[in-house]
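S.K.: My questions will all concern the structure given below.
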Amino acid sequence: MTPRAKFATTLLRTAAALSRATGRGDGSVIGGRVGLIVEPRLLELLAEGRHVVLISGTNGKTTTTRFTTAALEAIGRVATNSFGANMPTGHTTALAKAPKAEYAALECDEHYLGQLLDAARPKVVALLNLSRDQLDRAMEVTALAAKWRQTLEASAGQTTIVANADDPLIVWAASVCERVVWVAAGQSWTADSAICPNCGAHLDRFGEFWRCTNCGLNRPSPQWSVAHQGEAVVGPDGRRYELNLQLPGRVNRANAATALAVASLFGVDPAQAAPRLSEVASVAGRYARVERDGRQLRLLLAKNPAGWLESFDMIDPVPPVVLSLNAREVDGFDTSWIYDVDFTSLAGRKVVVTGDRRTDLAVRLEVDGVDFLVVDDIRAAIAAVPPGPVEVVANYTAFQDIRAEFNRVN
Ligand SMILES: [Zn+2]
């Protein structure tokens with residue numbers, strides 16, 4: 001490291017520590033910003049000589065990054081942006097904070113993938129899925145896939161891509177790369193890939209297979225998959241790795257499959273890695289269990305239509321459900337996407353709605369014929385359900401509000 005880079009790293013740590021001390025969050029963003037002003041190549045310099053994996057996609061990045069970190073820790077120290085600061089400032093801080101880590105597992109915002117490919121020269125890039133998110137802000141999803149395809153073609157070079165064979169947008173973007181390991185990670189949300197991203201023709205689907213009726217783009221044969229029965233991942237040689245995840249749902253088993261595929265590219269034996277994934281109990285508050293007044297709440301974060309659909313698949317069928325919706329800047333101001341989500345699976349159970357935009361949710365539930373109760377906040381929601389388990393599903397800032405109510409539970 002150059003003297004300037006060392007100085008920048010020191011300033012970064014100081015700024016992050018000051019930010020934490022004054023209660024402004026974990027300081028990742030401000031620290032990284034300061035460091036990059038002093039040395040614009042700081043991220044590149046800090047990544048040099050490390051074995052890096054980038055993890056990106058619309059949903060599941062934070063959890064998959066956490067699983068991957070747990071797996072890689074079997075063979076060494078791992079730098080990671082575990083607090084979800086997933087832009088270059090956060091990556092710079094994660095690396096600066098772990099100078100001795102020879103591995104790095106970095107969650108990457110979809111829009112920064114190209115920049116990170118150039119700066120961090122990753123050994124592996126994991127691409128999970130692409131679907132609509134933050135309607136008024138994010139790039140249209142097919143345009144984002146096209147941008148990834150271009151970026152990967154230009155910069156992936158020696159990088160191995162671990163990609164979801166079940167998402168046509170991911171397959172199209174990744175198929176320009178020479179080295180791809182395919183994972184059958186599933187796709188619960190197909191509305192953004194009804195047509196072929198390559199030519200615009202109709203995609204045919206039969207079971208898990210899909211194929212373009214015009215250009216022939218189709219589902220590649222996956223090397224890794226989630227077992228159809230039980231809780232296990234099946235590897236390239238047909239070996240079965242049992243999972244006993246604390247995190248719920250098929251989606252998390254798929255995230256685990258991706259993490260095992262990534263870890264094995266770094267030389268970790270999946271049989272050694274799999275038990276480590278079961279130690280993960282919650283991820284930055286996601287899936288955390290908290291208790292108040294005899295109610296045991298499980299907190300699920302769902303930011304977009306695909307995320308809400310996946311959370312309905314994860315929740316237990318009996319307990320009451322609390323839904324909380326906000327529309328602040330980071331959520332996107334437009335809540336019309338809730339009309340893309342099918343809420344009918346909630347019919348017949350106790351549903352309580354809250355959050356800044358609770359009335360939007362109420363109208364949506366009425367359209368789907370789901371009975372509900374509207375309350376002012378999470379405290380009132382807790383009071384409105386009987387003692388026992390409760391499933392809570394919230395979008396980004398609504399989730400953070402609930403986390404704050406429980407002392408920023410992790
Ligand atoms: Zn096509």
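Labels for the structure tokens follow display order: chains A, B, ..., residues from 1 in each chain, ligands from 1.
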Grab me every residue within 12 Å of ligand 1, counting only C-alpha atoms and all ligand atoms, and send it over as a PyMOL selection string.
M.R.: chain A and resi 168-169+171-172+193-204+210-219
S.K.: Write the residues you've just listed into a file as a tab-separated table (two decimals), in the first residue's frame, and include N, CA, C and O atoms for each of them.
M.R.:
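Written out: part39.tsv:
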chain	number	residue	atom	x	y	z
A	168	PRO	N	-34.45	-16.46	-16.57
A	168	PRO	CA	-34.02	-16.20	-17.96
A	168	PRO	C	-33.18	-14.92	-18.11
A	168	PRO	O	-32.26	-14.87	-18.93
A	169	LEU	N	-33.48	-13.90	-17.31
A	169	LEU	CA	-32.69	-12.66	-17.41
A	169	LEU	C	-31.25	-12.89	-16.95
A	169	LEU	O	-30.30	-12.38	-17.56
A	171	VAL	N	-29.71	-15.85	-16.99
A	171	VAL	CA	-29.07	-16.74	-17.96
A	171	VAL	C	-28.58	-15.95	-19.16
A	171	VAL	O	-27.45	-16.12	-19.63
A	172	TRP	N	-29.45	-15.07	-19.65
A	172	TRP	CA	-29.08	-14.25	-20.82
A	172	TRP	C	-27.85	-13.38	-20.51
A	172	TRP	O	-26.92	-13.29	-21.29
A	193	SER	N	-40.16	-12.14	-16.67
A	193	SER	CA	-39.44	-12.88	-17.70
A	193	SER	C	-40.41	-13.77	-18.48
A	193	SER	O	-40.16	-14.93	-18.72
A	194	ALA	N	-41.52	-13.17	-18.88
A	194	ALA	CA	-42.49	-13.89	-19.70
A	194	ALA	C	-42.00	-13.95	-21.15
A	194	ALA	O	-42.33	-14.88	-21.89
A	195	ILE	N	-41.22	-12.93	-21.52
A	195	ILE	CA	-40.69	-12.95	-22.89
A	195	ILE	C	-39.17	-13.06	-22.86
A	195	ILE	O	-38.52	-12.76	-21.87
A	196	CYS	N	-38.63	-13.50	-24.00
A	196	CYS	CA	-37.19	-13.76	-24.10
A	196	CYS	C	-36.41	-12.45	-24.06
A	196	CYS	O	-36.66	-11.55	-24.85
A	197	PRO	N	-35.44	-12.33	-23.14
A	197	PRO	CA	-34.66	-11.09	-23.08
A	197	PRO	C	-33.77	-10.91	-24.31
A	197	PRO	O	-33.36	-9.80	-24.63
A	198	ASN	N	-33.51	-12.00	-25.00
A	198	ASN	CA	-32.63	-11.95	-26.16
A	198	ASN	C	-33.33	-11.46	-27.42
A	198	ASN	O	-32.80	-10.66	-28.17
A	199	CYS	N	-34.59	-11.93	-27.64
A	199	CYS	CA	-35.24	-11.60	-28.91
A	199	CYS	C	-36.68	-11.11	-28.77
A	199	CYS	O	-37.29	-10.71	-29.76
A	200	GLY	N	-37.25	-11.17	-27.57
A	200	GLY	CA	-38.60	-10.65	-27.38
A	200	GLY	C	-39.71	-11.64	-27.69
A	200	GLY	O	-40.88	-11.32	-27.53
A	201	ALA	N	-39.36	-12.84	-28.12
A	201	ALA	CA	-40.40	-13.85	-28.39
A	201	ALA	C	-40.91	-14.46	-27.08
A	201	ALA	O	-40.34	-14.23	-26.02
A	202	HIS	N	-41.97	-15.24	-27.19
A	202	HIS	CA	-42.59	-15.85	-26.02
A	202	HIS	C	-41.69	-16.95	-25.44
A	202	HIS	O	-41.08	-17.71	-26.18
A	203	LEU	N	-41.60	-17.02	-24.11
A	203	LEU	CA	-40.87	-18.12	-23.48
A	203	LEU	C	-41.85	-19.22	-23.12
A	203	LEU	O	-42.85	-18.98	-22.48
A	204	ASP	N	-41.52	-20.43	-23.53
A	204	ASP	CA	-42.32	-21.59	-23.14
A	204	ASP	C	-41.78	-22.15	-21.83
A	204	ASP	O	-40.56	-22.22	-21.66
A	210	TRP	N	-37.44	-24.02	-19.25
A	210	TRP	CA	-37.98	-22.94	-20.07
A	210	TRP	C	-37.13	-22.80	-21.32
A	210	TRP	O	-35.96	-23.14	-21.35
A	211	ARG	N	-37.80	-22.30	-22.38
A	211	ARG	CA	-37.09	-22.19	-23.65
A	211	ARG	C	-37.77	-21.13	-24.51
A	211	ARG	O	-38.99	-21.00	-24.53
A	212	CYS	N	-36.96	-20.36	-25.26
A	212	CYS	CA	-37.50	-19.37	-26.18
A	212	CYS	C	-37.98	-20.07	-27.44
A	212	CYS	O	-37.27	-20.88	-28.01
A	213	THR	N	-39.20	-19.72	-27.88
A	213	THR	CA	-39.78	-20.38	-29.06
A	213	THR	C	-39.11	-19.89	-30.35
A	213	THR	O	-39.27	-20.49	-31.40
A	214	ASN	N	-38.36	-18.79	-30.27
A	214	ASN	CA	-37.74	-18.24	-31.47
A	214	ASN	C	-36.23	-18.47	-31.55
A	214	ASN	O	-35.74	-19.12	-32.47
A	215	CYS	N	-35.47	-17.94	-30.57
A	215	CYS	CA	-34.01	-17.98	-30.70
A	215	CYS	C	-33.37	-19.17	-30.01
A	215	CYS	O	-32.18	-19.42	-30.17
A	216	GLY	N	-34.16	-19.90	-29.23
A	216	GLY	CA	-33.61	-21.11	-28.61
A	216	GLY	C	-32.92	-20.90	-27.27
A	216	GLY	O	-32.46	-21.86	-26.66
A	217	LEU	N	-32.85	-19.67	-26.79
A	217	LEU	CA	-32.30	-19.45	-25.44
A	217	LEU	C	-33.06	-20.36	-24.48
A	217	LEU	O	-34.29	-20.40	-24.51
A	218	ASN	N	-32.35	-21.14	-23.67
A	218	ASN	CA	-33.07	-22.06	-22.79
A	218	ASN	C	-32.36	-22.26	-21.47
A	218	ASN	O	-31.25	-21.78	-21.27
A	219	ARG	N	-33.03	-22.99	-20.60
A	219	ARG	CA	-32.48	-23.23	-19.27
A	219	ARG	C	-31.27	-24.15	-19.37
A	219	ARG	O	-31.37	-25.28	-19.82
S.K.: Using only C-alpha atoms, what does the table of range 213-327 of chain A residues within 8 Å of range 122-146 of chain A look like, with each row giving the shortest atom pair and its distance in Å to one decimal, sorted by chain and ascending number, as JSON lines?
M.R.:
{"residue": "A:Thr258", "atom": "CA", "partner": "A:Ala126", "partner_atom": "CA", "distance": 7.4}
{"residue": "A:Val262", "atom": "CA", "partner": "A:Val124", "partner_atom": "CA", "distance": 7.1}
{"residue": "A:Leu265", "atom": "CA", "partner": "A:Val124", "partner_atom": "CA", "distance": 7.8}
{"residue": "A:Lys303", "atom": "CA", "partner": "A:Asp133", "partner_atom": "CA", "distance": 7.4}
{"residue": "A:Asn304", "atom": "CA", "partner": "A:Asp133", "partner_atom": "CA", "distance": 5.3}
{"residue": "A:Pro305", "atom": "CA", "partner": "A:Arg132", "partner_atom": "CA", "distance": 7.3}
{"residue": "A:Ala306", "atom": "CA", "partner": "A:Ser131", "partner_atom": "CA", "distance": 7.0}
S.K.: Go ahead and dump the residues you just picked, C-alpha atoms, as a PDB file, in the first residue's frame.
M.R.:
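Result written to result_30.pdb:
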ATOM      1  CA  THR A 258     -25.450 -20.716  -4.299  1.00  0.00           C
ATOM      2  CA  VAL A 262     -19.302 -20.346  -4.543  1.00  0.00           C
ATOM      3  CA  LEU A 265     -14.817 -22.683  -6.165  1.00  0.00           C
ATOM      4  CA  LYS A 303     -38.957  -5.116  -0.556  1.00  0.00           C
ATOM      5  CA  ASN A 304     -40.634  -5.841  -3.869  1.00  0.00           C
ATOM      6  CA  PRO A 305     -43.273  -8.116  -5.440  1.00  0.00           C
ATOM      7  CA  ALA A 306     -40.970 -11.135  -5.687  1.00  0.00           C
TER       8      ALA A 306
END
S.K.: I need the residues in range 75-298 of chain A that are strand (DSSP E) according to DSSP; give them as an MDAnalysis selection string.
M.R.: chainID A and resid 78:80 103:107 124:127 160:164 180:184 203:206 209:212 224:226 232:234 240:242 289:292 295:298
S.K.: Report as a list in words all protein, DNA and RNA residues lying within 12 Å of Ala70 in chain A, evaluated on only C-alpha atoms, omitting residues in the same chain fewer than 6 positions from it.
M.R.: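 Residues near the query, excluding close chain neighbours: Thr63, Thr64, Gly76, Arg77, Val78, Ala79, Thr80, Ser82, Tyr103, Ala104, Ala105, Ala256, Ala259, Leu260, Val262, Ala263, Val268, Pro270, Gln272, Ala273, Ala274, Pro275, Arg276, Leu277, Ser278, Glu279, Val280, Ala281 and Val283 of chain A.
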S.K.: For Thr359 in chain A, work out the shell of residues within 10 Å, counting only C-alpha atoms and skipping chain neighbours fewer than 5 positions away, then give it as an NGL selection string.
M.R.: :A and (325 or 353-354 or 364-365 or 374-375)
S.K.: Got a sec: who's within 10 Å of Gly90 in chain A, counting only C-alpha atoms, leaving out chain neighbours fewer than 3 positions off, as a VMD selection string?
M.R.: chain A and resid 27 to 33 43 80 to 87 93 to 96 106 to 108
S.K.: Neighbouring residues of range 394-408 of chain A were defined as those with any atom within 10 Å, considering only C-alpha atoms; residues of the same chain fewer than 3 positions away were excluded. Please report them as a ChimeraX atom specification.
M.R.: /A:284-286,288,290-292,299-304,307-308,311,322-332,353-357,377-379
S.K.: Can you work out the spacing between CA of Asn410 in chain A and CA of Asp269 in chain A in Å, to one decimal?
M.R.: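 Separation between CA of Asn410 in chain A and CA of Asp269 in chain A: 28.5 Å.
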S.K.: Between A:Ala191, A:Leu45, A:Leu113, A:Ala15, which one has atoms that come closest to Pro88 in chain A, using only C-alpha atoms?
M.R.: A:Leu113
S.K.: Could you pull the residues within 9 Å of Val370 in chain A, counting only C-alpha atoms, minus those fewer than 2 positions along the same chain, as a list of chain:residue names?
M.R.: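 That gives A:Phe343, A:Thr344, A:Ser345, A:Leu346, A:Ala347, A:Gly348, A:Arg349, A:Val351, A:Arg364, A:Leu365, A:Glu366, A:Val367, A:Asp368, A:Phe372.
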S.K.: Could the residues in this selection be saved with C-alpha atoms as a PDB file, in the first residue's frame?
M.R.:
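Contents of selection-v9.pdb, freshly written:
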ATOM      1  CA  PHE A 343     -52.416 -11.796  -1.340  1.00  0.00           C
ATOM      2  CA  THR A 344     -55.133 -14.455  -1.603  1.00  0.00           C
ATOM      3  CA  SER A 345     -53.009 -17.024   0.284  1.00  0.00           C
ATOM      4  CA  LEU A 346     -53.610 -14.909   3.415  1.00  0.00           C
ATOM      5  CA  ALA A 347     -57.389 -15.316   3.262  1.00  0.00           C
ATOM      6  CA  GLY A 348     -58.935 -16.969   6.300  1.00  0.00           C
ATOM      7  CA  ARG A 349     -56.247 -15.990   8.787  1.00  0.00           C
ATOM      8  CA  VAL A 351     -54.190 -10.168   9.170  1.00  0.00           C
ATOM      9  CA  ARG A 364     -55.298  -4.066  -1.888  1.00  0.00           C
ATOM     10  CA  LEU A 365     -56.376  -6.748   0.597  1.00  0.00           C
ATOM     11  CA  GLU A 366     -60.013  -5.830   0.121  1.00  0.00           C
ATOM     12  CA  VAL A 367     -59.647  -6.370  -3.634  1.00  0.00           C
ATOM     13  CA  ASP A 368     -58.196  -9.836  -2.924  1.00  0.00           C
ATOM     14  CA  PHE A 372     -57.876  -7.356   7.865  1.00  0.00           C
TER      15      PHE A 372
END
